[in-house]
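Raw contents of coords-v6.tsv, TSV, C-alpha atoms:
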```tsv
chain	number	residue	atom	x	y	z
X	1	MET	CA	0.00	0.00	0.00
X	2	GLY	CA	1.16	3.53	-0.67
X	3	TYR	CA	0.06	6.81	0.92
X	4	LEU	CA	1.11	10.39	0.17
X	5	TYR	CA	1.20	13.30	2.63
X	6	ARG	CA	0.86	16.77	1.17
X	7	ASP	CA	-0.44	20.08	2.59
X	8	GLY	CA	-2.06	18.66	5.72
X	9	ASN	CA	-3.75	15.65	4.10
X	10	ILE	CA	-2.85	12.00	3.57
X	11	TYR	CA	-3.93	10.64	0.19
X	12	TYR	CA	-4.53	7.16	-1.13
X	13	HIS	CA	-4.96	7.02	-4.92
X	14	ASP	CA	-5.67	10.79	-5.02
X	15	ALA	CA	-8.48	10.51	-2.46
X	16	ILE	CA	-8.11	12.11	0.98
X	17	LEU	CA	-7.80	9.32	3.51
X	18	TYR	CA	-6.79	11.28	6.62
X	19	ASN	CA	-6.35	14.88	7.79
X	20	VAL	CA	-3.35	15.88	9.89
X	21	SER	CA	-3.13	18.78	12.35
X	22	PHE	CA	-0.14	20.03	14.35
X	23	SER	CA	0.12	22.17	17.46
X	24	SER	CA	3.16	23.78	15.84
X	25	GLN	CA	4.43	24.01	12.28
X	26	TYR	CA	7.98	23.42	13.42
X	27	SER	CA	9.84	20.21	14.21
X	28	GLY	CA	9.05	18.85	17.65
X	29	SER	CA	5.35	19.72	17.53
X	30	GLY	CA	3.89	19.06	20.97
X	31	PHE	CA	0.71	17.46	19.65
X	32	ILE	CA	-0.15	15.81	16.32
X	33	LYS	CA	-3.56	14.45	15.37
X	34	ILE	CA	-4.41	12.15	12.47
X	35	SER	CA	-8.14	12.19	11.77
X	36	LEU	CA	-10.58	10.63	9.35
X	37	PRO	CA	-12.48	13.15	7.18
X	38	GLY	CA	-15.07	14.83	9.40
X	39	ASN	CA	-12.51	15.32	12.20
X	40	VAL	CA	-12.95	11.80	13.58
X	41	PRO	CA	-9.74	11.07	15.57
X	42	LYS	CA	-7.66	8.15	14.37
X	43	ILE	CA	-4.30	8.59	16.10
X	44	GLU	CA	-3.02	11.25	18.49
X	45	LEU	CA	0.65	11.85	19.29
X	46	THR	CA	1.69	13.72	22.42
X	47	LYS	CA	5.27	14.94	22.81
X	48	SER	CA	7.25	13.90	25.88
X	49	PHE	CA	10.86	14.37	26.94
X	50	THR	CA	11.93	11.09	25.32
X	51	GLY	CA	9.68	11.00	22.24
X	52	TYR	CA	5.97	10.75	21.45
X	53	LYS	CA	3.17	8.86	23.17
X	54	ILE	CA	0.78	7.22	20.68
X	55	GLU	CA	-2.95	7.00	21.48
X	56	GLY	CA	-5.79	5.48	19.49
X	57	ASP	CA	-9.44	5.65	20.57
X	58	ASN	CA	-8.24	7.41	23.75
X	59	LYS	CA	-6.08	4.41	24.64
X	60	TYR	CA	-2.32	4.16	24.89
X	61	VAL	CA	-1.08	1.99	22.01
X	62	GLY	CA	2.61	2.76	21.71
X	63	PHE	CA	5.58	5.07	21.89
X	64	VAL	CA	8.07	6.73	19.54
X	65	SER	CA	11.60	7.24	20.85
X	66	ASN	CA	13.76	10.21	19.92
X	67	LYS	CA	15.84	7.78	17.84
X	68	LEU	CA	12.79	7.04	15.65
X	69	SER	CA	12.10	3.53	16.88
X	70	ILE	CA	8.43	2.75	17.50
X	71	ASN	CA	6.93	0.33	19.98
X	72	TYR	CA	3.39	-0.22	18.71
X	73	GLN	CA	1.25	-2.78	20.53
X	74	GLY	CA	4.32	-4.84	21.40
X	75	LYS	CA	5.93	-4.66	17.95
X	76	MET	CA	9.24	-2.84	17.53
X	77	TYR	CA	9.83	-0.81	14.37
X	78	ARG	CA	13.21	0.69	13.55
X	79	SER	CA	14.31	3.17	10.90
X	80	SER	CA	17.45	3.10	8.80
X	81	LYS	CA	19.63	6.13	8.20
X	82	PRO	CA	18.45	8.17	5.18
X	83	VAL	CA	19.88	6.96	1.87
X	84	VAL	CA	19.50	8.22	-1.67
X	85	GLU	CA	17.69	6.36	-4.43
X	86	ASP	CA	16.35	7.87	-7.66
X	87	ASN	CA	17.30	11.33	-6.37
X	88	ASN	CA	15.11	11.04	-3.27
X	89	PHE	CA	15.93	10.60	0.40
X	90	ILE	CA	14.58	7.23	1.56
X	91	ILE	CA	14.28	5.70	5.03
X	92	TYR	CA	13.71	1.95	5.31
X	93	ILE	CA	11.60	0.58	8.15
X	94	SER	CA	12.20	-2.83	9.73
X	95	GLU	CA	10.23	-4.92	12.20
X	96	GLN	CA	11.95	-7.90	13.84
X	97	ASN	CA	14.96	-7.30	11.57
X	98	MET	CA	12.80	-7.66	8.47
X	99	GLN	CA	12.23	-4.75	6.10
X	100	VAL	CA	8.50	-3.99	6.04
X	101	GLY	CA	8.36	-0.80	3.99
X	102	LYS	CA	9.92	2.56	3.29
X	103	ILE	CA	9.44	6.30	3.58
X	104	THR	CA	10.31	8.51	0.61
X	105	PHE	CA	10.74	12.29	0.63
X	106	VAL	CA	9.25	13.66	-2.58
X	107	PRO	CA	8.87	17.30	-3.69
X	108	LYS	CA	6.50	19.01	-1.22
X	109	GLY	CA	5.48	15.72	0.36
X	110	ILE	CA	6.23	12.32	1.90
X	111	GLU	CA	5.28	8.89	0.60
X	112	ILE	CA	5.00	5.71	2.66
X	113	SER	CA	4.76	2.22	1.21
X	114	PHE	CA	4.13	-1.00	3.11
X	115	ASN	CA	2.60	-4.40	2.38
X	116	ASN	CA	0.90	-5.39	5.63
X	117	LYS	CA	-2.21	-3.49	6.76
X	118	ASP	CA	-1.21	-4.17	10.37
X	119	ASP	CA	1.77	-1.85	9.84
X	120	GLU	CA	-0.37	1.10	8.76
X	121	ILE	CA	-0.40	3.00	12.07
X	122	PRO	CA	3.39	2.91	12.65
X	123	PHE	CA	3.95	4.12	9.09
X	124	LEU	CA	1.41	6.92	9.52
X	125	VAL	CA	3.22	7.92	12.71
X	126	TYR	CA	6.58	7.97	10.96
X	127	MET	CA	5.07	10.02	8.15
X	128	VAL	CA	3.61	12.81	10.30
X	129	ILE	CA	6.65	13.06	12.57
X	130	LEU	CA	8.85	13.62	9.52
X	131	VAL	CA	6.62	16.29	7.94
X	132	PRO	CA	8.81	19.19	9.19
X	133	TYR	CA	11.65	17.86	7.05
X	134	ILE	CA	9.76	17.97	3.74
X	135	ASP	CA	11.38	21.27	2.77
X	136	LYS	CA	14.77	19.58	3.01
X	137	HIS	CA	14.04	17.63	-0.18
X	138	ILE	CA	17.26	17.35	-2.12
X	139	THR	CA	18.22	18.47	-5.60
X	140	ASN	CA	19.66	16.12	-8.20
X	141	GLU	CA	23.17	17.41	-7.48
X	142	ASP	CA	22.71	16.89	-3.73
X	143	ALA	CA	21.47	13.36	-4.38
X	144	VAL	CA	24.53	12.40	-6.40
X	145	LYS	CA	26.86	13.78	-3.72
X	146	MET	CA	24.94	12.06	-0.92
X	147	LYS	CA	24.80	8.73	-2.73
X	148	ASN	CA	28.52	8.78	-3.46
X	149	LYS	CA	29.24	9.61	0.18
X	150	THR	CA	26.98	6.98	1.74
X	151	ALA	CA	27.85	4.28	-0.77
X	152	ARG	CA	31.56	4.59	0.09
X	153	SER	CA	31.29	4.99	3.85
X	154	ILE	CA	33.19	2.40	5.83
X	155	LYS	CA	32.91	0.76	9.23
X	156	LYS	CA	35.44	2.35	11.61
X	157	GLY	CA	37.01	-0.96	12.63
X	158	TYR	CA	37.74	-1.86	9.02
X	159	ALA	CA	39.22	1.57	8.31
X	160	PHE	CA	41.51	1.22	11.34
X	161	PHE	CA	42.61	-2.27	10.26
X	162	SER	CA	43.25	-1.08	6.70
X	163	ASN	CA	45.40	1.83	7.91
X	164	SER	CA	47.23	-0.48	10.30
X	165	ILE	CA	48.26	-2.69	7.39
X	166	PHE	CA	50.00	0.26	5.74
X	167	LEU	CA	51.75	1.22	8.98
X	168	ILE	CA	52.97	-2.35	9.48
X	169	ALA	CA	54.12	-2.51	5.85
X	170	LEU	CA	56.00	0.79	6.21
X	171	SER	CA	57.71	-0.47	9.34
X	172	ALA	CA	58.65	-3.70	7.55
X	173	ILE	CA	60.11	-1.79	4.58
X	174	ILE	CA	62.21	0.38	6.93
X	175	LEU	CA	63.43	-2.74	8.72
X	176	VAL	CA	64.35	-4.39	5.41
X	177	LYS	CA	66.41	-1.36	4.42
X	178	LEU	CA	68.15	-1.23	7.80
X	179	LEU	CA	69.07	-4.90	7.52
X	180	GLY	CA	70.33	-4.42	3.97
X	181	ILE	CA	68.05	-7.12	2.55
X	182	ASN	CA	67.43	-7.31	-1.21
X	183	ALA	CA	65.36	-4.32	-2.39
X	184	LEU	CA	62.96	-6.70	-4.12
X	185	PHE	CA	61.44	-7.36	-0.71
X	186	ASP	CA	60.39	-3.68	-0.53
X	187	LEU	CA	58.27	-4.12	-3.65
X	188	ILE	CA	56.77	-7.40	-2.47
X	189	ILE	CA	55.81	-5.91	0.90
X	190	ALA	CA	54.24	-2.85	-0.77
X	191	ILE	CA	52.19	-4.96	-3.21
X	192	VAL	CA	50.93	-7.28	-0.46
X	193	ALA	CA	50.00	-4.28	1.72
X	194	ILE	CA	48.06	-2.58	-1.07
X	195	ILE	CA	46.10	-5.75	-1.91
X	196	ALA	CA	45.36	-6.56	1.73
X	197	SER	CA	44.32	-2.97	2.56
X	198	TYR	CA	42.05	-2.80	-0.49
X	199	ALA	CA	40.36	-6.09	0.44
X	200	VAL	CA	39.77	-4.93	4.02
X	201	ARG	CA	38.31	-1.58	2.92
X	202	GLU	CA	35.95	-3.26	0.43
X	203	LEU	CA	34.70	-5.51	3.23
X	204	GLY	CA	34.21	-2.39	5.35
X	205	TYR	CA	32.20	-0.65	2.61
X	206	SER	CA	30.05	-3.73	2.16
X	207	LYS	CA	29.45	-4.13	5.89
X	208	TYR	CA	28.50	-0.44	6.32
X	209	ALA	CA	26.08	-0.61	3.39
X	210	LYS	CA	24.44	-3.77	4.72
X	211	ASP	CA	24.07	-2.42	8.26
X	212	ASN	CA	22.56	0.86	7.02
X	213	ASN	CA	20.33	-0.49	4.23
X	214	ILE	CA	22.30	1.32	1.55
X	215	TYR	CA	21.65	0.07	-1.95
X	216	ALA	CA	24.23	1.69	-4.20
```
Here is a file; write its structure as structure tokens.
Amino acid sequence: MGYLYRDGNIYYHDAILYNVSFSSQYSGSGFIKISLPGNVPKIELTKSFTGYKIEGDNKYVGFVSNKLSINYQGKMYRSSKPVVEDNNFIIYISEQNMQVGKITFVPKGIEISFNNKDDEIPFLVYMVILVPYIDKHITNEDAVKMKNKTARSIKKGYAFFSNSIFLIALSAIILVKLLGINALFDLIIAIVAIIASYAVRELGYSKYAKDNNIYA
């Protein structure tokens, strides 16, 4: 299923499905209400120090943490870091380590897509909380820069290991020279270091992309 938020309404196939109202137009709105047409409350979000309390039919049904994880009726939903696909910022949502849908920032709006109707409320919550960031929609040039940056980010441990290989190789080359060993060993050490460092960094890129749902 796919919904679109634009100008205070949530649409499904061009028909208004829900209305959204905020206590403030800025990020961190203290109160957000999602209503059916006719002002019939569907979901209400109340800001607290650590996130948002979620209520439905005047009953507590869940909570949103400041880190954008949602506990909804015992189910835990987590968001990925924003990535760039088709020149749009996208956030992937997972439940029990399984990807269940995504949020896409489009010009002047936000789209959500999910397959399971049971996931509708958490996705609606994500959508309205992220409304203040709609104006941060990126240009094509920004998208290319962001994609290149995220696609080549590396896990810190792998970067450290890769750099350590070069330091060890440099030390070995200095030692070879001090001992007066055949200069051919310098070349061999350098080649091995370059290959090993490259392999480690590629593993680091791959691991970072996998952990952050980056699809380059």
Review point. Which polymer residues have any atom within 8 Å of an atom of X:Glu44, counting only C-alpha atoms, with same-chain residues fewer than 2 positions away left out, as number ranges by chain?
Key: X: 31-34, 41-42, 46, 54-56
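Note that the spacing between atom CA of X:Gly8 and atom CA of X:Phe22 amounts to 8.9 Å.
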Check your understanding: If you measure from atom CA of X:Leu36 to atom CA of X:Arg6, what distance in Å do you get, rounded to one decimal?
Key -> 15.3 Å
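Proximity ranking of X:Pro132, X:Gly30, X:Pro122, X:Gly74 relative to X:Gly51 places X:Gly30 first, based on all atoms listed in the file.
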Point to revise | Proximity to X:Ser35 - best of X:Leu167, X:Val128, X:Ile134, X:Ile93, all atoms listed in the file | key: X:Val128
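Counting from atom CA of X:Thr50, the distance to atom CA of X:Lys67 is 9.1 Å.
Closest approach to X:Phe89 among X:Ser69, X:Leu130, X:Asp119, X:Phe49: X:Leu130, based on only C-alpha atoms.
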Point to revise | Residue contacts of X:Gly101 (10 Å, all atoms listed in the file) excluding same-chain residues fewer than 5 positions away, as a ChimeraX atom specification | key: /X:1-2,79,91-95,112-116,119,123
